[in-house]
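What follows is model35.txt (compact mmCIF, C-alpha atoms).
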```txt
# COMPACT_ATOMS: atom_id res chain seq x y z
CA MET C 1080 18.71 -10.22 -12.27
CA ARG C 1081 20.52 -13.29 -10.97
CA LEU C 1082 18.27 -16.18 -9.95
CA PRO C 1083 18.02 -16.54 -6.16
CA THR C 1084 18.73 -19.68 -4.15
CA ALA C 1085 15.80 -22.08 -3.67
CA ARG C 1086 14.03 -22.10 -0.30
CA GLY C 1087 12.04 -25.36 -0.59
CA PRO C 1088 10.49 -27.85 -3.03
CA LEU C 1089 8.34 -25.33 -4.95
CA SER C 1090 11.01 -22.73 -5.61
CA GLY C 1091 13.50 -25.56 -6.17
CA ALA C 1092 11.37 -27.20 -8.87
CA LEU C 1093 10.66 -23.82 -10.48
CA LEU C 1094 14.32 -22.78 -10.62
CA THR C 1095 15.27 -26.14 -12.14
CA THR C 1096 12.52 -25.78 -14.74
CA LEU C 1097 13.52 -22.24 -15.68
CA GLY C 1098 17.04 -23.50 -16.34
CA SER C 1099 15.73 -25.65 -19.19
CA ALA C 1100 14.31 -24.62 -22.57
CA PRO C 1101 10.60 -23.68 -22.66
CA GLY C 1102 8.34 -26.27 -24.25
CA THR C 1103 10.65 -29.17 -23.48
CA HIS C 1104 9.89 -29.54 -19.80
CA ARG C 1105 6.58 -31.02 -18.70
CA ARG C 1106 7.05 -32.16 -15.14
CA GLY C 1107 4.40 -31.98 -12.46
CA TRP C 1108 4.73 -29.44 -9.66
CA PRO C 1109 4.99 -30.28 -5.97
CA ALA C 1110 1.73 -29.75 -4.06
CA VAL C 1111 1.15 -26.23 -2.75
CA ASP C 1112 0.22 -26.71 0.87
CA SER C 1113 0.86 -23.65 2.97
CA ALA C 1114 -0.62 -22.84 6.37
CA GLU C 1115 0.74 -19.27 6.36
CA PRO C 1116 1.19 -18.13 2.75
CA LEU C 1117 2.27 -14.58 3.70
CA THR C 1118 5.28 -15.81 5.66
CA ASP C 1119 6.00 -18.98 3.66
CA GLU C 1120 9.56 -18.58 2.32
CA ASP C 1121 9.19 -21.25 -0.38
CA LEU C 1122 5.81 -20.02 -1.67
CA GLN C 1123 6.69 -16.32 -1.70
CA LEU C 1124 10.02 -16.88 -3.44
CA ALA C 1125 8.44 -19.13 -6.10
CA LEU C 1126 5.74 -16.53 -6.68
CA PHE C 1127 8.30 -13.73 -6.88
CA VAL C 1128 10.31 -15.71 -9.45
CA CYS C 1129 7.14 -16.26 -11.53
CA TYR C 1130 6.20 -12.57 -11.41
CA GLU C 1131 9.66 -11.27 -12.24
CA LEU C 1132 9.35 -12.92 -15.66
CA HIS C 1133 6.84 -10.09 -16.39
CA TYR C 1134 9.16 -7.30 -15.19
CA ARG C 1135 12.89 -7.37 -16.01
CA GLY C 1136 13.28 -11.16 -16.25
CA TRP C 1137 16.09 -13.36 -14.93
CA ASP C 1138 19.65 -13.81 -16.16
CA ASP C 1139 20.05 -16.94 -18.30
CA VAL C 1140 16.32 -17.73 -18.27
CA ALA C 1141 14.56 -17.96 -21.65
CA GLU C 1142 12.12 -15.07 -22.04
CA ASP C 1143 9.47 -17.40 -23.50
CA TRP C 1144 8.87 -18.79 -20.01
CA GLU C 1145 6.83 -15.66 -19.26
CA TRP C 1146 3.74 -17.02 -21.02
CA ASP C 1147 4.51 -20.74 -20.78
CA PRO C 1148 1.43 -22.61 -19.51
CA VAL C 1149 3.61 -24.82 -17.28
CA VAL C 1150 4.82 -21.81 -15.28
CA LEU C 1151 1.43 -20.07 -15.39
CA THR C 1152 -0.14 -23.23 -13.93
CA LEU C 1153 2.22 -23.11 -10.98
CA ARG C 1154 1.69 -19.37 -10.58
CA ALA C 1155 -2.08 -19.85 -10.36
CA ARG C 1156 -1.61 -22.57 -7.73
CA LEU C 1157 0.61 -20.26 -5.68
CA GLU C 1158 -1.73 -17.29 -6.07
CA ALA C 1159 -4.87 -19.10 -4.89
CA PRO C 1160 -3.82 -19.63 -1.25
CA PHE C 1161 -2.05 -16.25 -1.21
CA GLU C 1162 -5.17 -14.36 -2.28
CA ALA C 1163 -7.33 -16.47 0.05
CA ALA C 1164 -5.07 -15.59 2.99
CA LEU C 1165 -5.21 -11.89 2.11
CA ARG C 1166 -9.01 -11.99 1.85
CA ALA C 1167 -9.29 -13.84 5.17
CA GLU C 1168 -7.00 -11.31 6.86
CA ALA C 1169 -8.80 -8.34 5.29
CA GLY C 1170 -12.17 -9.68 6.49
CA THR C 1171 -15.46 -9.04 4.79
CA GLN C 1172 -16.25 -5.40 4.17
CA PRO C 1173 -19.80 -4.05 4.38
CA PRO C 1174 -21.03 -2.88 0.94
CA VAL C 1175 -19.77 0.54 -0.08
CA THR C 1176 -21.23 3.17 -2.42
CA PRO C 1177 -19.02 5.45 -4.53
CA THR C 1178 -20.01 8.47 -2.39
CA GLY C 1179 -19.04 6.62 0.79
CA LEU C 1180 -15.76 5.28 -0.57
CA ALA C 1181 -13.48 8.20 0.37
CA ASP C 1182 -14.54 8.07 4.02
CA ARG C 1183 -14.28 4.29 4.11
CA LEU C 1184 -10.75 4.40 2.68
CA THR C 1185 -9.77 7.04 5.24
CA ALA C 1186 -11.19 4.94 8.08
CA LEU C 1187 -9.48 1.80 6.79
CA VAL C 1188 -6.00 3.24 6.50
CA GLY C 1189 -6.47 5.12 9.79
CA THR C 1190 -6.92 1.81 11.61
CA SER C 1191 -3.52 0.62 12.74
CA ARG C 1192 -2.84 -3.03 12.04
CA GLY C 1193 0.52 -3.29 13.71
CA PRO C 1194 3.54 -1.57 15.24
CA SER C 1195 4.79 1.76 13.81
CA LEU C 1196 7.90 1.09 11.79
CA ALA C 1197 8.13 4.77 10.78
CA GLY C 1198 8.14 5.89 14.42
CA TYR C 1199 10.94 3.43 15.22
CA MET C 1200 13.01 4.46 12.20
CA GLN C 1201 12.63 8.13 13.13
CA ARG C 1202 13.65 7.86 16.76
CA HIS C 1203 15.52 4.65 17.50
CA ALA C 1204 16.91 2.77 14.48
CA THR C 1205 20.67 2.31 14.31
CA LEU C 1206 22.52 2.95 11.07
CA GLY C 1207 22.78 -0.82 10.57
CA GLU C 1208 19.03 -1.20 11.01
CA PHE C 1209 18.34 1.67 8.63
CA ARG C 1210 20.53 0.04 6.00
CA GLU C 1211 18.63 -3.23 6.42
CA PHE C 1212 15.34 -1.36 6.07
CA VAL C 1213 16.56 0.18 2.81
CA ALA C 1214 17.74 -3.23 1.55
CA HIS C 1215 14.24 -4.68 2.21
CA ARG C 1216 12.51 -1.77 0.51
CA SER C 1217 14.84 -1.92 -2.51
CA VAL C 1218 13.03 -5.05 -3.69
CA TYR C 1219 10.11 -2.76 -4.52
CA HIS C 1220 11.54 0.76 -4.79
CA LEU C 1221 14.03 -0.06 -7.54
CA ARG C 1222 10.97 -0.68 -9.70
CA GLU C 1223 8.74 1.78 -7.89
CA ALA C 1224 5.33 2.35 -9.50
CA ASP C 1225 5.71 -0.47 -12.05
CA PRO C 1226 3.12 -2.88 -10.57
CA HIS C 1227 0.35 -0.25 -10.51
CA SER C 1228 1.12 0.70 -14.12
CA TRP C 1229 -0.35 -2.68 -15.15
CA ALA C 1230 -3.77 -1.18 -14.33
CA ILE C 1231 -3.52 1.68 -16.84
CA PRO C 1232 -4.80 -0.14 -19.95
CA ARG C 1233 -7.64 -1.60 -17.88
CA LEU C 1234 -9.16 1.80 -17.16
CA ASP C 1235 -10.97 4.42 -19.15
CA GLY C 1236 -11.94 8.06 -18.80
CA ARG C 1237 -11.36 10.02 -15.57
CA PRO C 1238 -9.83 7.19 -13.49
CA LYS C 1239 -7.35 6.50 -16.28
CA ALA C 1240 -6.34 10.18 -16.44
CA ALA C 1241 -5.91 10.19 -12.65
CA LEU C 1242 -3.71 7.08 -12.66
CA ILE C 1243 -1.58 8.56 -15.44
CA GLU C 1244 -1.24 11.79 -13.45
CA ILE C 1245 0.09 9.86 -10.43
CA GLN C 1246 2.29 7.44 -12.36
CA ALA C 1247 3.84 10.18 -14.50
CA ASP C 1248 4.98 11.90 -11.30
CA GLU C 1249 6.30 8.59 -9.92
CA TYR C 1250 8.38 8.31 -13.06
CA GLY C 1251 9.73 11.83 -12.54
CA GLY C 1252 7.59 13.39 -15.27
CA GLY C 1253 9.79 11.57 -17.74
CA ARG C 1254 13.03 12.93 -16.28
CA LEU C 1255 15.41 10.20 -15.24
CA GLU C 1256 16.98 12.13 -12.37
CA ARG C 1257 13.53 12.69 -10.82
CA MET C 1258 12.28 9.13 -11.29
CA HIS C 1259 11.53 7.74 -7.84
CA SER C 1260 13.40 4.49 -8.45
CA GLU C 1261 16.47 6.56 -9.33
CA LEU C 1262 16.13 8.69 -6.17
CA PHE C 1263 16.04 5.45 -4.19
CA ARG C 1264 19.16 4.21 -5.97
CA THR C 1265 20.93 7.38 -4.82
CA THR C 1266 19.86 6.78 -1.22
CA MET C 1267 21.21 3.22 -1.48
CA ASP C 1268 24.51 4.46 -2.90
CA GLN C 1269 24.78 6.97 -0.04
CA LEU C 1270 24.32 4.11 2.41
CA ALA C 1271 26.97 2.00 0.62
CA LEU C 1272 24.40 -0.61 -0.39
CA ASP C 1273 24.44 -2.53 -3.67
CA SER C 1274 21.86 -0.63 -5.75
CA THR C 1275 21.76 -3.09 -8.65
CA TYR C 1276 18.18 -4.05 -9.53
CA GLY C 1277 17.26 -7.13 -7.47
CA ALA C 1278 20.54 -7.17 -5.53
CA HIS C 1279 18.79 -7.91 -2.21
CA VAL C 1280 16.13 -10.36 -3.37
CA ASP C 1281 18.14 -13.40 -2.28
CA ALA C 1282 18.41 -11.95 1.25
CA ALA C 1283 14.80 -10.74 1.40
CA PRO C 1284 12.56 -12.81 3.69
CA ALA C 1285 9.07 -13.98 2.68
CA VAL C 1286 7.34 -10.92 4.18
CA THR C 1287 9.38 -8.57 2.00
CA LEU C 1288 8.74 -10.63 -1.12
CA ALA C 1289 5.04 -10.78 -0.15
CA HIS C 1290 4.99 -6.96 0.00
CA SER C 1291 5.99 -6.92 -3.68
CA ASN C 1292 3.98 -10.02 -4.63
CA VAL C 1293 0.75 -8.42 -3.39
CA MET C 1294 1.22 -5.61 -5.90
CA SER C 1295 2.04 -7.99 -8.74
CA LEU C 1296 -0.98 -10.16 -7.89
CA LEU C 1297 -3.32 -7.16 -8.00
CA GLY C 1298 -1.60 -5.58 -11.00
CA LEU C 1299 -1.40 -8.63 -13.25
CA HIS C 1300 -5.03 -9.69 -12.95
CA ARG C 1301 -7.58 -7.54 -14.72
CA ARG C 1302 -10.27 -8.96 -12.42
CA LEU C 1303 -8.42 -7.36 -9.48
CA ARG C 1304 -8.12 -3.88 -11.04
CA GLY C 1305 -10.27 -2.32 -8.32
CA ALA C 1306 -7.99 -3.78 -5.67
CA ALA C 1307 -4.88 -2.53 -7.49
CA LEU C 1308 -6.28 1.02 -7.33
CA GLY C 1309 -7.25 0.66 -3.66
CA HIS C 1310 -3.74 -0.60 -2.91
CA LEU C 1311 -2.21 2.43 -4.59
CA ALA C 1312 -4.57 4.76 -2.70
CA ALA C 1313 -3.63 3.21 0.66
CA PHE C 1314 0.05 3.54 -0.23
CA GLU C 1315 -0.35 7.21 -1.07
CA MET C 1316 -2.60 7.97 1.92
CA THR C 1317 -0.08 6.65 4.43
CA SER C 1318 3.08 7.74 2.68
CA SER C 1319 3.59 11.47 3.41
CA MET C 1320 3.78 11.09 7.19
CA ALA C 1321 5.78 7.85 7.09
CA ASN C 1322 8.32 9.25 4.66
CA ARG C 1323 8.81 12.36 6.74
CA ARG C 1324 9.69 10.08 9.66
CA TYR C 1325 12.03 7.94 7.56
CA GLY C 1326 13.73 11.10 6.33
CA ASN C 1327 14.04 12.46 9.88
CA GLY C 1328 15.48 9.13 11.01
CA LEU C 1329 18.12 9.20 8.30
CA ARG C 1330 18.96 12.84 9.14
CA ARG C 1331 19.32 11.86 12.82
CA LEU C 1332 21.86 9.25 11.70
CA GLY C 1333 23.84 11.86 9.79
CA GLY C 1334 22.28 11.55 6.33
CA GLY C 1335 22.57 14.68 4.18
CA PRO C 1336 20.07 16.09 1.69
CA VAL C 1337 21.25 13.78 -1.08
CA ALA C 1338 20.68 10.69 1.06
CA THR C 1339 17.28 11.85 2.35
CA ARG C 1340 15.99 13.26 -0.94
CA PHE C 1341 13.99 10.13 -1.76
CA TYR C 1342 12.05 10.48 1.51
CA ASP C 1343 11.75 14.28 1.35
CA GLU C 1344 10.45 14.06 -2.22
CA HIS C 1345 7.77 11.56 -1.15
CA VAL C 1346 6.42 13.87 1.56
CA GLU C 1347 5.24 16.39 -1.03
CA ALA C 1348 4.66 14.02 -3.94
CA ASP C 1349 2.39 11.73 -2.00
CA ALA C 1350 0.46 14.63 -0.47
CA VAL C 1351 -0.54 15.33 -4.09
CA HIS C 1352 -1.01 11.69 -5.09
CA GLU C 1353 -3.20 10.95 -2.07
CA GLN C 1354 -5.88 13.41 -3.16
CA ILE C 1355 -5.82 12.24 -6.76
CA ALA C 1356 -5.78 8.56 -5.76
CA VAL C 1357 -8.76 8.80 -3.45
CA HIS C 1358 -11.05 11.19 -5.30
CA ASP C 1359 -10.10 11.23 -8.97
CA LEU C 1360 -9.02 7.60 -9.17
CA CYS C 1361 -10.87 5.37 -6.68
CA VAL C 1362 -14.14 7.28 -6.30
CA ALA C 1363 -14.37 7.96 -10.03
CA PHE C 1364 -13.58 4.29 -10.70
CA ALA C 1365 -16.29 3.15 -8.29
CA GLU C 1366 -18.78 5.43 -10.02
CA ARG C 1367 -18.04 3.62 -13.28
CA GLU C 1368 -17.79 0.14 -11.82
CA PRO C 1369 -19.78 0.23 -8.57
CA HIS C 1370 -19.63 -3.57 -8.17
CA LEU C 1371 -15.87 -3.26 -7.61
CA GLY C 1372 -16.08 -0.69 -4.79
CA GLY C 1373 -15.54 -3.49 -2.26
CA ASP C 1374 -12.43 -4.60 -4.12
CA VAL C 1375 -10.98 -1.09 -3.81
CA LEU C 1376 -11.25 -1.50 -0.04
CA PHE C 1377 -9.79 -5.02 -0.27
CA GLY C 1378 -6.77 -3.65 -2.12
CA ALA C 1379 -6.29 -0.95 0.50
CA ALA C 1380 -6.49 -3.61 3.22
CA CYS C 1381 -3.86 -5.68 1.34
CA ALA C 1382 -1.44 -2.75 1.51
CA GLN C 1383 -2.07 -2.42 5.25
CA ILE C 1384 -1.63 -6.15 5.84
CA ALA C 1385 1.61 -6.39 3.86
CA GLY C 1386 2.97 -3.30 5.61
CA SER C 1387 2.07 -4.66 9.02
CA VAL C 1388 3.66 -8.11 8.60
CA THR C 1389 6.84 -6.47 7.32
CA ALA C 1390 6.97 -3.99 10.21
CA THR C 1391 6.41 -6.77 12.74
CA HIS C 1392 9.15 -8.89 11.17
CA LEU C 1393 11.72 -6.11 11.17
CA LEU C 1394 11.00 -4.86 14.69
CA ASP C 1395 10.88 -8.37 16.20
CA HIS C 1396 14.22 -9.32 14.68
CA TRP C 1397 15.93 -6.09 15.74
CA LYS C 1398 14.49 -6.38 19.24
CA ALA C 1399 16.05 -9.86 19.46
CA GLY C 1400 19.37 -8.44 18.24
CA ARG C 1401 19.24 -10.38 14.97
CA THR C 1402 19.41 -9.37 11.33
CA SER C 1403 16.01 -9.03 9.67
CA LEU C 1404 17.47 -10.25 6.36
CA LEU C 1405 18.14 -13.88 5.49
CA HIS C 1406 21.83 -13.02 5.08
CA ALA C 1407 23.37 -10.17 7.06
CA LEU C 1408 24.62 -7.20 5.03
CA PRO C 1409 28.36 -6.76 4.69
CA PRO C 1410 29.51 -4.32 7.41
CA CYS C 1411 29.44 -0.66 6.39
CA PRO C 1412 32.44 1.68 6.49
CA ASP C 1413 32.94 3.34 9.89
CA ASP C 1414 32.86 6.83 8.43
CA LEU C 1415 29.62 6.31 6.46
CA LEU C 1416 27.47 9.47 6.73
CA GLY C 1417 30.11 10.81 9.10
CA ALA C 1418 28.41 8.90 11.92
CA ALA C 1419 30.31 7.25 14.77
CA ALA C 1420 29.03 3.85 13.59
CA MET K 877 -22.97 24.01 -38.99
CA ASN K 878 -24.28 26.21 -41.82
CA ARG K 879 -22.18 28.32 -44.20
CA VAL K 880 -22.42 31.52 -42.14
CA GLY K 881 -21.42 29.59 -39.03
CA ARG K 882 -18.38 28.18 -40.78
CA ILE K 883 -17.29 31.64 -41.98
CA ARG K 884 -17.76 33.03 -38.49
CA GLU K 885 -15.71 30.14 -37.03
CA ALA K 886 -12.87 30.71 -39.54
CA ALA K 887 -12.81 34.43 -38.77
CA ALA K 888 -12.62 33.76 -35.04
CA ARG K 889 -9.76 31.30 -35.62
CA GLY K 890 -7.91 33.94 -37.62
CA LEU K 891 -8.36 36.54 -34.89
CA ARG K 892 -7.09 34.13 -32.22
CA HIS K 893 -4.03 33.39 -34.33
CA LEU K 894 -3.35 37.11 -34.84
CA ALA K 895 -3.69 37.76 -31.10
CA ALA K 896 -1.22 34.96 -30.36
CA VAL K 897 1.33 36.38 -32.81
CA VAL K 898 1.06 39.84 -31.23
CA GLU K 899 1.33 38.37 -27.70
CA ALA K 900 4.47 36.44 -28.63
CA ARG K 901 6.31 39.54 -29.93
CA PRO K 902 9.23 40.54 -27.69
CA GLY K 903 8.51 43.63 -25.60
CA SER K 904 4.77 43.26 -26.02
CA ARG K 905 4.30 42.84 -22.26
CA PRO K 906 6.07 43.86 -19.04
CA GLU K 907 8.67 41.28 -17.94
CA GLN K 908 7.33 40.66 -14.43
CA ARG K 909 3.77 40.02 -15.48
CA PRO K 910 2.75 36.36 -15.17
CA GLN K 911 2.01 34.58 -18.42
CA PRO K 912 -1.66 34.03 -19.19
CA SER K 913 -2.54 30.75 -17.54
CA ALA K 914 -4.52 27.78 -18.68
CA GLY K 915 -4.89 25.72 -15.54
CA ASP K 916 -7.14 25.15 -12.59
CA ILE K 917 -7.07 25.05 -8.80
CA VAL K 918 -9.19 22.49 -7.00
CA PRO K 919 -9.80 22.40 -3.23
CA TYR K 920 -10.00 18.76 -2.09
CA THR K 921 -12.31 17.85 0.78
CA ASP K 922 -10.45 18.20 4.13
CA GLY K 923 -7.24 18.52 2.14
CA PRO K 924 -5.02 20.83 0.07
CA LEU K 925 -5.55 22.86 -3.09
CA LEU K 926 -4.38 20.97 -6.16
CA VAL K 927 -2.97 23.08 -8.95
CA ARG K 928 -2.91 21.75 -12.50
CA GLY K 929 -1.87 23.23 -15.79
CA ASP K 930 0.05 26.38 -16.57
CA VAL K 931 -0.33 28.36 -13.35
CA PRO K 932 2.79 30.34 -12.42
CA LEU K 933 3.79 30.08 -8.75
CA HIS K 934 5.98 32.86 -7.40
CA SER K 935 6.66 34.79 -4.21
CA VAL K 936 5.42 38.34 -3.56
CA ASP K 937 8.68 39.73 -4.91
CA GLY K 938 8.18 37.82 -8.14
CA ARG K 939 10.69 35.03 -7.63
CA ALA K 940 9.54 31.72 -9.08
CA ILE K 941 8.83 28.87 -6.63
CA ASP K 942 9.55 25.52 -8.28
CA PRO K 943 7.07 22.84 -7.20
CA GLY K 944 9.23 20.17 -8.85
CA ARG K 945 6.19 18.48 -10.38
CA VAL K 946 3.44 19.13 -12.90
CA THR K 947 0.48 18.83 -10.52
CA TYR K 948 1.19 20.21 -7.07
CA ALA K 949 -0.66 20.67 -3.78
CA LEU K 950 -0.80 23.93 -1.83
CA CYS K 951 -1.29 23.84 1.93
CA ARG K 952 -4.79 24.85 3.00
CA CYS K 953 -4.67 24.00 6.72
CA GLY K 954 -1.72 26.24 7.59
CA LYS K 955 0.17 23.45 9.39
CA SER K 956 2.46 22.23 6.62
CA GLY K 957 6.18 22.17 7.30
CA THR K 958 6.91 22.74 3.60
CA LYS K 959 4.67 25.76 2.84
CA PRO K 960 3.40 26.76 0.40
CA PHE K 961 3.16 23.06 -0.40
CA CYS K 962 1.09 20.43 1.38
CA ASP K 963 2.99 17.79 3.38
CA GLY K 964 -0.01 15.80 4.59
CA THR K 965 -0.10 17.35 8.08
CA HIS K 966 -3.77 18.38 7.67
CA LYS K 967 -4.78 14.84 8.61
CA ALA K 968 -2.97 14.89 11.94
CA ALA K 969 -4.36 18.38 12.54
CA GLY K 970 -7.92 17.19 11.86
CA PHE K 971 -8.42 19.90 9.23
CA GLN K 972 -11.92 20.05 7.80
CA ALA K 973 -13.15 22.03 4.82
CA PRO K 974 -15.49 21.29 1.96
CA SER K 975 -14.36 21.04 -1.63
CA GLY K 976 -16.86 23.72 -2.62
CA ARG K 977 -17.48 27.15 -1.13
CA GLN K 978 -17.90 27.08 2.63
CA ASP K 979 -21.28 28.30 3.81
CA PRO K 980 -20.77 30.85 6.63
CA ARG K 981 -24.07 29.72 8.18
CA HIS K 982 -22.48 26.33 8.86
CA GLN K 983 -19.06 27.44 10.09
CA ASN K 984 -18.88 24.78 12.76
CA ARG K 985 -19.83 21.89 10.51
CA PRO K 986 -18.36 22.19 7.03
CA GLU K 987 -20.47 20.83 4.21
CA ARG K 988 -18.85 17.90 2.43
```
Once more with this new file: its structure as structure tokens, please.
Amino acid sequence: MRLPTARGPLSGALLTTLGSAPGTHRRGWPAVDSAEPLTDEDLQLALFVCYELHYRGWDDVAEDWEWDPVVLTLRARLEAPFEAALRAEAGTQPPVTPTGLADRLTALVGTSRGPSLAGYMQRHATLGEFREFVAHRSVYHLREADPHSWAIPRLDGRPKAALIEIQADEYGGGRLERMHSELFRTTMDQLALDSTYGAHVDAAPAVTLAHSNVMSLLGLHRRLRGAALGHLAAFEMTSSMANRRYGNGLRRLGGGPVATRFYDEHVEADAVHEQIAVHDLCVAFAEREPHLGGDVLFGAACAQIAGSVTATHLLDHWKAGRTSLLHALPPCPDDLLGAAA
Amino acid sequence: MNRVGRIREAAARGLRHLAAVVEARPGSRPEQRPQPSAGDIVPYTDGPLLVRGDVPLHSVDGRAIDPGRVTYALCRCGKSGTKPFCDGTHKAAGFQAPSGRQDPRHQNRPER
């Protein structure tokens, strides 16, 4: 993936550092001082750049930077206020027992934290807005399921089997054409969007990067394994209904079965995953590690928070008649999807 | 395990192998009959039936229904738009049912 453009002193210093050889650069980092970490463009981009070293990496950046203490020091400084902000927003949860966890998860994800993006996409979004929505989501969906896979080696027994069962399905049961990231690529191609991995990162605002960064934060820290599982459960619990609406929205705009397949597939897939995630994964995990039951709820709250700030951002920008991306997408062909664009 | 036990175990293994060979012979069973299954079906609390393992799914006339995934969920609330599969509608419908057998004496309040 091509390195993005800096958005402030932190991402600027990081990008400069990554351009040099590991082990030769020992500069100090600018102070991390962010009032609103979730919407801080500089902080979220710097964090995203740090995390990507653990996924596919960056073009022309030495791979040794992944475990270089200089970069890990910065990453820790960026993560501290980010996690603190998420915990503050999530609020303190009353203690939870494994037997009470399923109901608590259901109550938590049933509590709306913001406007309904899915409802808007289904009924009102223009084709241009739908394409922007897909560009935002591509930052995650082109590597769909990867962040939660970090949790696999941290589990044992029944929760591990449950996570494998979900992840295997996310990866299409090992069949490339059924892999969810590939289905998303097809949707992007149908909408005449660049479907190269990371193509829209440079145009993705802080809230979209934060949506991905939350998952990387929870996935890359063993101490947060409970939260990673709770995050996945919340994703799966809210996904079937939302994806049906996204699919309906795209059909309303003229999208055919090839374009909507990603959303249609998620309606049924996540109806399965939801049950496994709640009962076989989270509850079974909490039975083994009861002290982390609260973290499962924290992770679920993180998913809700990230979803809500993204929805608010998109809807506010569209309401004001502005692009929700940092750089507007190139205009789409008039005859795309056969719609009178 | 003692010597008799081991002999018994080996004999049972041999019989199972023989049975499998006979089963696998062409024409040893009617075409339409479903293959012997090694799977399970689990009702999830207030949710669908999850099917795992080798459980054939087909319509009344014998045509296979492809779930498109290894573990799949069958609708239990009757409200799914993608029957026989679950599409998550049970939540909006407020469907309630225990994971275990429902006790007819508590029809109005399902046991959890």
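The coordinates place CA of Val927 in chain K at 16.9 Å from CA of Arg1237 in chain C.
Straight-line separation from CA of Lys1239 in chain C to CA of Cys1361 in chain C: 10.3 Å.
Across C:His1358, C:Arg1264, C:Arg1401, C:His1290, the tightest approach to chain K is made by C:His1358 when counting only C-alpha atoms.
Between CA of Val1388 in chain C and CA of Glu1249 in chain C lies a distance of 25.1 Å.
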Write out as CSV a residue-level contact list of chain K versus chain C with cut-off 6 Å: for each qualifying residue the closest pair of atoms and the distance in Å to one decimal, counting all atoms listed in the file, rows sorted by chain and residue number upward.
```
residue,atom,partner,partner_atom,distance
K:Tyr948,CA,C:Val1351,CA,6.0
K:Ala949,CA,C:Val1351,CA,5.4
K:Asp963,CA,C:Glu1347,CA,5.1
K:Gly964,CA,C:Ala1350,CA,5.2
```
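Distances here use all atoms listed in the file; by that measure, the residue among K:Val946, K:Gly976, K:Gly938, K:Ala969 closest to Tyr1250 in chain C is K:Val946.
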Selection near Gly1102 in chain C, 10 Å with only C-alpha atoms, sequence-local residues under 6 positions removed, as a list in words:
Asp1143, Trp1144, Asp1147, Pro1148 and Val1149 of chain C
Only C-alpha atoms, please: the residues just picked out, written as an mmCIF file, in the frame of the given file.
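Here's the written file selection.cif:
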```
data_model
loop_
_atom_site.group_PDB
_atom_site.id
_atom_site.type_symbol
_atom_site.label_atom_id
_atom_site.label_comp_id
_atom_site.auth_asym_id
_atom_site.auth_seq_id
_atom_site.Cartn_x
_atom_site.Cartn_y
_atom_site.Cartn_z
ATOM 1 C CA ASP C 1143 9.470 -17.400 -23.500
ATOM 2 C CA TRP C 1144 8.870 -18.790 -20.010
ATOM 3 C CA ASP C 1147 4.510 -20.740 -20.780
ATOM 4 C CA PRO C 1148 1.430 -22.610 -19.510
ATOM 5 C CA VAL C 1149 3.610 -24.820 -17.280
#
```
Looking at K:Asp937, K:Asp979, K:Asn878, K:Cys953, which one is nearest to Lys967 in chain K, with distances taken over all atoms listed in the file?
K:Cys953
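Within 10 Å of the file-frame point (10.7, -25.5, -8.9), and using only C-alpha atoms, the polymer residues found are Ala1085, Arg1086, Gly1087, Pro1088, Leu1089, Ser1090, Gly1091, Ala1092, Leu1093, Leu1094, Thr1095, Thr1096, Leu1097, Gly1098, Arg1106, Gly1107, Trp1108, Pro1109, Asp1121, Ala1125, Val1128, Val1150 and Leu1153 of chain C.
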Could you name the residues that touch Asp922 in chain K at 9 Å or less, counting only C-alpha atoms, but leaving out those on the same chain fewer than 2 positions away, as an NGL selection string?
:K and (919-920 or 924 or 952-953 or 966-967 or 970-975 or 988)
File of the preceding selection, C-alpha atoms, as a PDB file, in the coordinates of the input:
```pdb
ATOM      1  CA  PRO K 919      -9.800  22.400  -3.230  1.00  0.00           C
ATOM      2  CA  TYR K 920     -10.000  18.760  -2.090  1.00  0.00           C
ATOM      3  CA  PRO K 924      -5.020  20.830   0.070  1.00  0.00           C
ATOM      4  CA  ARG K 952      -4.790  24.850   3.000  1.00  0.00           C
ATOM      5  CA  CYS K 953      -4.670  24.000   6.720  1.00  0.00           C
ATOM      6  CA  HIS K 966      -3.770  18.380   7.670  1.00  0.00           C
ATOM      7  CA  LYS K 967      -4.780  14.840   8.610  1.00  0.00           C
ATOM      8  CA  GLY K 970      -7.920  17.190  11.860  1.00  0.00           C
ATOM      9  CA  PHE K 971      -8.420  19.900   9.230  1.00  0.00           C
ATOM     10  CA  GLN K 972     -11.920  20.050   7.800  1.00  0.00           C
ATOM     11  CA  ALA K 973     -13.150  22.030   4.820  1.00  0.00           C
ATOM     12  CA  PRO K 974     -15.490  21.290   1.960  1.00  0.00           C
ATOM     13  CA  SER K 975     -14.360  21.040  -1.630  1.00  0.00           C
ATOM     14  CA  ARG K 988     -18.850  17.900   2.430  1.00  0.00           C
TER      15      ARG K 988
END
```
Find the residues around Leu1184 in chain C up to 10 Å (only C-alpha atoms counted), leave out those fewer than 5 positions away in its own chain, and share them as number ranges by chain.
C: 1179, 1189, 1309, 1312-1313, 1316, 1357, 1361, 1375-1377, 1379-1380
Please provide as a CSV table (one decimal) with C-alpha atoms, in the frame of the given file all residues within 7 Å of Ser1295 in chain C, with the sequence filter that same-chain residues fewer than 4 positions apart are discarded (counting all atoms listed in the file).
```csv
chain,number,residue,atom,x,y,z
C,1130,TYR,CA,6.2,-12.6,-11.4
C,1226,PRO,CA,3.1,-2.9,-10.6
C,1291,SER,CA,6.0,-6.9,-3.7
C,1299,LEU,CA,-1.4,-8.6,-13.2
```
Could you please give me, as a ChimeraX atom specification, the residues of protein, DNA or RNA lying at most 9 Å from (-2.3, -21.0, -1.0) in the coordinate frame of the file, considering all atoms listed in the file?
/C:1111-1116,1122,1156-1164
